[in-house]
Every structure is written in structure tokens, then in C-alpha cells.
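Novice: Pasting work-v8.txt here (compact mmCIF, C-alpha atoms):
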```txt
# COMPACT_ATOMS: atom_id res chain seq x y z
CA MET B 1 6.97 -1.75 37.79
CA THR B 2 8.21 -0.23 34.52
CA THR B 3 7.93 3.50 33.97
CA ARG B 4 8.56 3.22 30.23
CA LYS B 5 5.73 4.31 27.98
CA PRO B 6 3.46 1.49 26.81
CA ILE B 7 2.69 0.33 23.33
CA ALA B 8 -0.82 1.53 22.42
CA VAL B 9 -2.97 -0.39 19.97
CA ALA B 10 -6.40 0.56 18.65
CA THR B 11 -9.15 -1.96 18.05
CA ASN B 12 -12.67 -2.05 16.66
CA ASP B 13 -12.69 -5.87 16.61
CA SER B 14 -12.29 -6.05 12.81
CA PRO B 15 -9.91 -8.73 11.47
CA GLN B 16 -7.32 -6.03 10.79
CA SER B 17 -7.49 -4.60 14.29
CA GLN B 18 -7.40 -8.06 15.87
CA ALA B 19 -4.20 -8.72 13.93
CA ALA B 20 -2.85 -5.36 15.12
CA VAL B 21 -3.59 -6.20 18.78
CA LEU B 22 -1.80 -9.56 18.45
CA TRP B 23 1.20 -7.92 16.76
CA ALA B 24 1.36 -5.21 19.42
CA ALA B 25 1.18 -7.78 22.23
CA ARG B 26 4.07 -9.75 20.77
CA ARG B 27 6.13 -6.59 20.45
CA ALA B 28 5.28 -5.53 24.00
CA GLU B 29 6.41 -8.93 25.30
CA ARG B 30 9.73 -8.77 23.40
CA SER B 31 10.33 -5.18 24.50
CA GLY B 32 9.31 -5.66 28.12
CA LEU B 33 6.67 -2.95 27.82
CA PRO B 34 3.07 -2.77 29.01
CA LEU B 35 0.25 -2.77 26.46
CA VAL B 36 -2.75 -0.46 26.41
CA ILE B 37 -5.67 -1.35 24.15
CA LEU B 38 -7.71 1.60 22.90
CA HIS B 39 -11.15 1.93 21.38
CA VAL B 40 -12.57 5.19 20.11
CA VAL B 41 -16.29 6.00 20.20
CA ASP B 42 -16.76 8.48 17.37
CA ASP B 43 -19.33 10.79 18.95
CA ARG B 44 -19.03 13.73 16.58
CA TRP B 45 -22.33 12.98 14.85
CA ILE B 46 -24.25 12.35 18.08
CA ALA B 47 -26.13 15.21 19.73
CA GLU B 48 -25.19 15.71 23.39
CA PRO B 49 -28.47 14.46 24.94
CA TYR B 50 -28.78 11.54 22.52
CA PRO B 51 -29.13 8.34 24.60
CA TRP B 52 -27.18 6.16 22.17
CA ILE B 53 -23.83 7.53 23.35
CA GLY B 54 -24.15 5.49 26.54
CA VAL B 55 -24.97 2.39 24.55
CA LEU B 56 -21.95 2.92 22.31
CA GLU B 57 -19.65 3.43 25.29
CA GLU B 58 -20.96 0.29 26.96
CA ALA B 59 -20.38 -1.69 23.76
CA GLY B 60 -16.91 -0.21 23.50
CA ASP B 61 -16.05 -1.26 27.04
CA LYS B 62 -17.18 -4.81 26.31
CA LEU B 63 -15.13 -4.88 23.13
CA LEU B 64 -12.04 -3.73 25.05
CA GLN B 65 -12.50 -6.35 27.76
CA THR B 66 -12.86 -9.07 25.14
CA ALA B 67 -9.69 -7.94 23.37
CA ALA B 68 -7.77 -7.68 26.66
CA GLY B 69 -8.99 -11.12 27.72
CA ARG B 70 -7.50 -12.70 24.60
CA ILE B 71 -4.13 -11.15 25.34
CA ARG B 72 -4.04 -11.76 29.08
CA GLY B 73 -4.57 -15.45 28.51
CA THR B 74 -1.72 -15.68 26.02
CA PHE B 75 1.01 -13.13 26.82
CA PRO B 76 2.69 -12.49 30.21
CA ILE B 77 2.45 -8.71 29.92
CA SER B 78 0.64 -5.90 31.69
CA VAL B 79 -2.55 -5.09 29.75
CA THR B 80 -4.85 -2.14 30.37
CA THR B 81 -7.68 -0.64 28.35
CA ARG B 82 -8.84 2.87 27.60
CA LEU B 83 -12.05 4.10 26.00
CA LEU B 84 -11.67 7.34 24.04
CA THR B 85 -14.29 9.58 22.46
CA GLY B 86 -14.09 11.93 19.51
CA SER B 87 -12.74 11.49 15.99
CA VAL B 88 -10.81 8.26 15.61
CA GLY B 89 -7.73 9.76 13.98
CA GLY B 90 -7.63 12.81 16.24
CA SER B 91 -8.18 10.85 19.45
CA LEU B 92 -5.44 8.33 18.69
CA ALA B 93 -3.02 11.03 17.62
CA LYS B 94 -3.67 12.97 20.84
CA TYR B 95 -3.18 9.83 22.95
CA SER B 96 0.06 9.00 21.15
CA GLY B 97 1.99 11.34 23.45
CA LYS B 98 1.44 8.83 26.25
CA ALA B 99 2.81 5.87 24.27
CA SER B 100 6.12 4.70 22.80
CA MET B 101 4.38 3.45 19.65
CA VAL B 102 0.85 3.41 18.27
CA VAL B 103 -0.35 0.32 16.41
CA VAL B 104 -3.40 0.31 14.14
CA GLY B 105 -5.02 -2.08 11.71
CA SER B 106 -4.68 -1.54 7.99
CA GLY B 107 -8.29 -0.52 7.38
CA THR B 108 -10.82 -1.78 4.90
CA GLY B 109 -10.41 -2.82 1.30
CA HIS B 110 -10.65 -0.22 -1.48
CA PRO B 111 -9.98 -0.42 -5.22
CA GLY B 112 -6.26 -0.41 -5.90
CA GLY B 113 -5.23 -1.85 -2.57
CA SER B 114 -5.91 -1.72 1.14
CA LEU B 115 -6.47 1.94 1.98
CA ALA B 116 -5.67 2.52 5.64
CA ASP B 117 -7.76 5.67 5.90
CA ARG B 118 -7.75 5.85 9.70
CA ALA B 119 -4.13 4.71 9.76
CA LEU B 120 -3.22 7.57 7.43
CA GLN B 121 -4.84 10.06 9.78
CA VAL B 122 -2.98 8.70 12.79
CA ALA B 123 0.39 8.42 11.02
CA ALA B 124 0.08 11.99 9.78
CA SER B 125 -0.20 13.53 13.24
CA SER B 126 1.09 11.01 15.80
CA LYS B 127 3.86 12.10 18.13
CA VAL B 128 5.50 8.65 18.03
CA PRO B 129 6.12 5.96 15.40
CA VAL B 130 2.95 4.36 14.04
CA ALA B 131 2.86 0.69 13.05
CA VAL B 132 0.20 -0.33 10.53
CA VAL B 133 -0.63 -4.04 10.52
CA GLY B 134 -2.62 -5.98 7.95
CA THR B 135 -3.99 -9.50 7.89
CA ARG B 136 -1.22 -11.08 5.81
CA GLU B 137 0.36 -14.24 7.22
CA LEU B 138 3.54 -13.24 9.06
CA GLY B 139 5.06 -16.68 9.55
CA GLY B 140 8.40 -17.29 7.83
CA ARG B 141 9.11 -13.62 7.22
CA SER B 142 12.49 -12.11 8.00
CA GLY B 143 14.44 -8.92 7.49
CA VAL B 144 13.74 -5.23 7.90
CA VAL B 145 13.43 -2.94 4.87
CA VAL B 146 13.74 0.84 5.07
CA GLY B 147 13.10 3.41 2.38
CA VAL B 148 15.42 6.41 2.03
CA ASP B 149 15.55 9.37 -0.32
CA GLY B 150 18.76 11.19 0.51
CA SER B 151 17.20 13.63 2.97
CA ARG B 152 18.70 14.31 6.39
CA GLU B 153 15.42 13.18 7.92
CA ALA B 154 15.72 9.80 6.19
CA THR B 155 18.60 8.97 8.47
CA GLN B 156 16.10 8.89 11.33
CA ALA B 157 14.11 6.15 9.61
CA VAL B 158 17.36 4.26 9.02
CA ALA B 159 18.28 4.61 12.70
CA PHE B 160 14.94 3.13 13.78
CA ALA B 161 15.17 0.30 11.23
CA ALA B 162 18.77 -0.54 12.10
CA ALA B 163 18.03 -0.75 15.82
CA GLU B 164 15.01 -2.96 15.06
CA ALA B 165 16.96 -5.30 12.77
CA ASP B 166 19.92 -5.58 15.13
CA ARG B 167 17.71 -6.30 18.13
CA GLU B 168 15.90 -9.13 16.34
CA GLY B 169 18.93 -10.53 14.49
CA ASP B 170 17.57 -9.56 11.06
CA ASP B 171 19.27 -8.26 7.93
CA LEU B 172 18.61 -4.63 7.04
CA THR B 173 17.84 -3.68 3.44
CA VAL B 174 18.10 0.02 2.58
CA VAL B 175 16.21 0.93 -0.59
CA TYR B 176 16.79 4.17 -2.50
CA ALA B 177 14.67 4.64 -5.64
CA ILE B 178 15.75 7.41 -8.01
CA ASN B 179 14.60 8.78 -11.35
CA ALA B 180 17.72 8.04 -13.32
CA PRO B 181 18.09 9.66 -16.76
CA ASP B 182 16.79 7.48 -19.59
CA ARG B 183 19.51 7.16 -22.24
CA VAL B 184 16.94 6.53 -24.99
CA THR B 185 14.44 9.23 -24.10
CA ASP B 186 17.18 11.75 -23.35
CA ALA B 187 19.33 10.84 -26.36
CA GLY B 188 21.14 13.93 -27.55
CA LEU B 189 20.31 15.81 -24.35
CA LEU B 190 22.45 13.83 -21.96
CA THR B 191 25.69 12.04 -22.65
CA THR B 192 26.34 8.53 -21.40
CA SER B 193 29.09 9.78 -19.12
CA LEU B 194 26.77 12.32 -17.49
CA ALA B 195 24.07 9.68 -16.97
CA ASP B 196 26.60 7.40 -15.31
CA LEU B 197 27.86 10.29 -13.19
CA PHE B 198 24.30 11.03 -12.01
CA THR B 199 23.78 7.43 -10.95
CA GLU B 200 27.15 7.30 -9.23
CA GLU B 201 26.39 10.47 -7.28
CA GLU B 202 23.15 8.93 -6.02
CA ARG B 203 25.05 5.79 -5.07
CA ILE B 204 27.28 7.97 -2.92
CA VAL B 205 24.17 9.49 -1.31
CA LEU B 206 23.00 5.98 -0.44
CA SER B 207 26.38 5.13 1.06
CA GLU B 208 26.35 8.30 3.16
CA THR B 209 22.86 7.48 4.41
CA VAL B 210 24.04 4.20 5.95
CA ALA B 211 27.45 5.49 7.03
CA GLY B 212 28.20 4.65 10.64
CA LEU B 213 25.84 1.70 10.92
CA ASN B 214 28.71 -0.81 11.04
CA GLU B 215 30.22 1.07 13.97
CA ASP B 216 26.95 1.22 15.88
CA TYR B 217 25.89 -2.35 14.99
CA PRO B 218 29.00 -4.41 14.16
CA SER B 219 27.07 -7.64 13.56
CA LEU B 220 24.31 -6.10 11.46
CA ARG B 221 24.24 -7.13 7.81
CA VAL B 222 23.24 -4.16 5.64
CA ASN B 223 22.11 -4.58 2.03
CA ARG B 224 21.99 -1.47 -0.13
CA VAL B 225 19.63 -1.27 -3.10
CA LEU B 226 19.75 1.60 -5.61
CA GLU B 227 16.60 1.28 -7.74
CA THR B 228 16.66 3.15 -11.05
CA GLU B 229 13.81 1.49 -12.95
CA ARG B 230 10.84 1.84 -10.60
CA GLY B 231 9.40 4.45 -8.28
CA PRO B 232 9.75 4.44 -4.47
CA VAL B 233 6.36 2.89 -3.67
CA GLU B 234 6.66 -0.02 -6.11
CA SER B 235 10.28 -0.62 -5.11
CA LEU B 236 9.53 -0.70 -1.38
CA VAL B 237 6.41 -2.86 -1.68
CA ASP B 238 8.36 -5.38 -3.75
CA ALA B 239 11.44 -5.35 -1.49
CA ALA B 240 9.28 -5.85 1.62
CA SER B 241 7.05 -8.59 0.20
CA GLY B 242 8.76 -11.20 2.38
CA ALA B 243 10.05 -8.90 5.12
CA ARG B 244 9.12 -8.83 8.77
CA MET B 245 8.89 -5.05 8.81
CA LEU B 246 9.02 -2.05 6.47
CA VAL B 247 10.07 1.36 7.78
CA VAL B 248 9.45 4.66 6.02
CA GLY B 249 9.68 8.27 7.11
CA SER B 250 6.57 10.39 7.30
CA ARG B 251 8.08 12.89 4.86
CA GLY B 252 11.04 12.97 2.54
CA ARG B 253 13.23 15.15 0.39
CA GLY B 254 10.54 15.75 -2.20
CA GLY B 255 7.78 16.40 0.29
CA ILE B 256 6.11 19.76 0.76
CA LYS B 257 6.83 20.74 4.35
CA ARG B 258 3.25 21.62 5.17
CA LEU B 259 2.09 18.14 4.19
CA LEU B 260 2.12 15.87 7.22
CA LEU B 261 2.41 12.58 5.34
CA GLY B 262 4.57 12.16 2.26
CA SER B 263 3.48 10.51 -0.97
CA THR B 264 5.74 7.49 -0.48
CA ALA B 265 4.38 6.71 3.00
CA HIS B 266 0.85 7.28 1.71
CA GLY B 267 1.39 4.97 -1.26
CA VAL B 268 2.98 2.19 0.79
CA LEU B 269 0.05 2.15 3.23
CA LYS B 270 -2.33 1.70 0.30
CA HIS B 271 -0.47 -1.46 -0.75
CA LEU B 272 0.72 -2.74 2.62
CA PRO B 273 3.25 -5.55 2.04
CA CYS B 274 3.95 -6.31 5.73
CA PRO B 275 3.73 -4.54 9.11
CA THR B 276 4.91 -1.02 8.29
CA VAL B 277 6.24 1.60 10.68
CA ILE B 278 5.95 5.30 9.85
CA THR B 279 8.66 7.07 11.81
CA ARG B 280 8.13 10.56 13.13
CA ILE B 281 10.24 13.44 11.92
CA GLN B 282 12.27 14.97 14.72
CA ALA B 283 13.35 18.53 14.07
CA ILE B 284 16.91 18.81 12.84
CA LYS B 285 18.47 22.20 13.47
CA ASN B 286 20.68 23.70 10.83
CA LYS B 287 24.27 24.06 11.93
CA THR B 288 25.70 27.54 11.78
```
Let me see the structure of the file written as C-alpha cells.

Specialist:
Amino acid sequence: MTTRKPIAVATNDSPQSQAAVLWAARRAERSGLPLVILHVVDDRWIAEPYPWIGVLEEAGDKLLQTAAGRIRGTFPISVTTRLLTGSVGGSLAKYSGKASMVVVGSGTGHPGGSLADRALQVAASSKVPVAVVGTRELGGRSGVVVGVDGSREATQAVAFAAAEADREGDDLTVVYAINAPDRVTDAGLLTTSLADLFTEEERIVLSETVAGLNEDYPSLRVNRVLETERGPVESLVDAASGARMLVVGSRGRGGIKRLLLGSTAHGVLKHLPCPTVITRIQAIKNKT
């Protein structure tokens, strides 16, 4: 029996969460990991003696058994269930310490895209990578896309994405979107040579970000994209439109340290192009 931490997936039986459970089961099978299916009864608004809490817990148990039954009949993996109570985001984030990955559905539709409100809460405070899955058709997709921004922490997202792509035999596309100087707008303020130098310096940053991947993964094909016309969110959503997975860090170089989820990760989840993994930032100590 494996002692490795399971993949945990949350469900409320919505189409998005059903897709998340199926995605998590497939990943658990490929990874040789057990799967635990979670459901959270949000009891914050219920007074302690209120009798409906028992009804909600009973309904939650039935929902979990139904979800587990679908998986047990399809995938040869170990499947368990767990009923949690409390706030949805907080409960899943707390449980994340017992899992190797948390998988959630993309949430409900909002103007401007699919706003994964619960997914945002979980991704902001989870102790492990969080995969957000929508209802888009996944057949025929290939490749892993990762967003970088030149930060030291971005290399952790690249490491996760590279391992994922190499394991599944996919290409890896590393996207770095920058605000390059506009030669028309900045005419007279910035010479052409300085504008070119700025872009070249950022190209070097991109090269340094992927340095060492060929040594670690000799057969991995790495595509580097330096985007100078569009912002990070638009660039990543477009690059990942046909990808199997998109990987982004929870924070980046421009992020305010006290913010738990960066603007790029937040924006991508609002316009989810494919299953997207938010990697967790591991502390990097400064060398003295």
C-alpha cells in the first residue's frame, strides 16, 4: 500500500466539479496515487442547534458516495471520501497539507469569463499545487505552457511544468510577457538602440529561467516565447488555448509580498483556457 500523499479533489456535483473529479482520477491513475474526494458543508451560517446541519451532512455523504461510485467503476485506483465542514476555501486549504495536489472545479460563470471564486480562495492559501479544471473538451490537446516573469520563484513553476511535460512526453512552452518600450510613444525619450537593448536583456532573463532544463530532461523540447505586444494574462490564455496544461506561480516579480495570489494567476483563472495548476511558492533563502 502506497504511503505517498493522495490527490484530493473537491466536488459539489456541479458540471465543473464533475469534470475536476474525472481529471483528478485520471491523474491519480497515471501517477499511481490514491484519490480522496472531498465535499464541504458550509455551516458558517447555521446556528449550532439548527436541525438542517444533519440533513446537509447526510446529503453531502450521498453526493460523495455517488461521485466515488463513478470513479470506482472506471479507474483501478484507491478511492476514499471525506466530508468537511466550515468555509469551503478555508476547509480545502487546511486539508491540502494531507494531499500532494488539490483539484477544484472552475466555478460558475460571471461577466468577463469564468470566475473561479472558490478556486481563487483555495489557490491563495493551499500548501500544495492547486489544479483548476473547467468543462472545456480536453481531447486532442497537447503540450504544457508555463508563465514566467524573471523572478527566482518563477523557476519553481518551470520546474513543475518541465517535470510534467517530460513525464507525459509533451513539449514545454515557456512564455515571458514584458512591457517593451514603444518606439512611437517614447519617440525622443528612448533611442532605438536602447529599446533593442532592453528587449535583448529580457531575452537573456528568459534564457536564464530555462537554463539547465536540457541537462535535467535531455529529451524535452522547450519552446521559448518572449511576448512584447500583450500582457501576461492575454499571452498565457492564448498560448494555452490548445494545451493540455497551463502552469503559473501563485506570485511573481511584480507581486506585493503580502498578497497571496498574484494578478497573473488571478487573471488566468478568470479566463481558464485549459486545466491550470497554480504552484506554491517555496521559500528561497538569500545566499550570503

Novice: Can you measure CA of Pro76 in chain B to CA of Leu38 in chain B for me? One decimal in Å is fine.

Specialist: 19.0 Å

Novice: Please, what distance in Å, to one decimal, runs between CA of Ile178 in chain B and CA of Ile278 in chain B?

Specialist: 20.5 Å

Novice: Excluding Gln121 in chain B and residues on its chain fewer than 5 positions from it, collect all residues at most 12 Å away from it, counting all atoms listed in the file, and give them as an NGL selection string.

Specialist: :B and (87-94 or 104 or 106-107 or 115-116 or 126 or 130 or 132 or 250 or 260-261 or 265-266 or 269 or 278)

Novice: For Leu172 in chain B, which of B:Arg203, B:Pro129, B:Arg244, B:Thr66 is the closest residue, counting all atoms listed in the file?

Specialist: B:Arg244

Novice: Find the spatial neighbours of Val79 in chain B, counting all atoms listed in the file, within a cut-off of 8 Å - ignore same-chain residues fewer than 4 positions away - and output them as JSON, numbers by chain.

Specialist: {"B": [34, 35, 36, 37, 68, 71, 72]}

Novice: Please save C-alpha atoms of the selected residues as a short mmCIF file (atom, residue, chain, number, x, y, z; two decimals), in the frame of the given file.

Specialist:
```
data_model
loop_
_atom_site.label_atom_id
_atom_site.label_comp_id
_atom_site.auth_asym_id
_atom_site.auth_seq_id
_atom_site.Cartn_x
_atom_site.Cartn_y
_atom_site.Cartn_z
CA PRO B 34 3.07 -2.77 29.01
CA LEU B 35 0.25 -2.77 26.46
CA VAL B 36 -2.75 -0.46 26.41
CA ILE B 37 -5.67 -1.35 24.15
CA ALA B 68 -7.77 -7.68 26.66
CA ILE B 71 -4.13 -11.15 25.34
CA ARG B 72 -4.04 -11.76 29.08
#
```

Novice: As an exercise, work out the distance from CA of Gly140 in chain B to CA of Ser78 in chain B in Å and give it to one decimal place.

Specialist: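 Going from CA of Gly140 in chain B over to CA of Ser78 in chain B, I get 27.6 Å.
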
Novice: Can I get the residues of range 64-115 of chain B within 9 Å of range 7-15 of chain B, each with the closest pair of atoms and their distance in Å to one decimal, using all atoms listed in the file, sorted chain first then ascending number, as CSV?

Specialist:
```
residue,atom,partner,partner_atom,distance
B:Leu64,CA,B:Thr11,CA,7.8
B:Ala67,CA,B:Asp13,CA,7.7
B:Leu92,CA,B:Ala10,CA,7.8
B:Tyr95,CA,B:Ala8,CA,8.6
B:Ser96,CA,B:Ala8,CA,7.6
B:Lys98,CA,B:Ala8,CA,8.5
B:Ala99,CA,B:Ile7,CA,5.6
B:Ser100,CA,B:Ile7,CA,5.6
B:Met101,CA,B:Ile7,CA,5.1
B:Val102,CA,B:Ala8,CA,4.9
B:Val103,CA,B:Val9,CA,4.5
B:Val104,CA,B:Ala10,CA,5.4
B:Gly105,CA,B:Ala10,CA,7.6
B:Gly107,CA,B:Ser14,CA,8.7
```

Novice: With all atoms listed in the file as the basis for distance, which of B:Asp216, B:Glu29, B:Gly150, B:Thr276 is at the shortest distance from Glu201 in chain B?

Specialist: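 Of the candidates, the smallest distance to Glu201 in chain B is held by B:Gly150.
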
Novice: What's the 12 Å shell around Pro232 in chain B, counting all atoms listed in the file, without same-chain residues fewer than 5 positions away, as a PyMOL selection string?

Specialist: chain B and resi 146-149+174-179+225-227+237-240+248+252+254+262-268

Novice: So which residues fall inside 7 Å of (-14.0, 6.3, 23.3) if we count all atoms listed in the file? Mind giving them as a PyMOL selection string?

Specialist: chain B and resi 39-42+57+83-86

Novice: For the selection just defined, write its residues with C-alpha atoms to a file, as a tab-separated table (two decimals), in the coordinates of the input.

Specialist:
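Dumped everything to selection_25.tsv:
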```tsv
chain	number	residue	atom	x	y	z
B	39	HIS	CA	-11.15	1.93	21.38
B	40	VAL	CA	-12.57	5.19	20.11
B	41	VAL	CA	-16.29	6.00	20.20
B	42	ASP	CA	-16.76	8.48	17.37
B	57	GLU	CA	-19.65	3.43	25.29
B	83	LEU	CA	-12.05	4.10	26.00
B	84	LEU	CA	-11.67	7.34	24.04
B	85	THR	CA	-14.29	9.58	22.46
B	86	GLY	CA	-14.09	11.93	19.51
```

Novice: Could you check the closest approach to Arg167 in chain B for each of B:Ala119, B:Leu220, B:Thr228, B:Thr135 and tell me which residue wins, using all atoms listed in the file?

Specialist: B:Leu220

Novice: Measuring atom to atom with all atoms listed in the file, identify which of B:Ser219, B:Gly139, B:Val205, B:Ala154 is nearest to Asp171 in chain B.

Specialist: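 Result for the nearest residue to Asp171 in chain B: B:Ser219.
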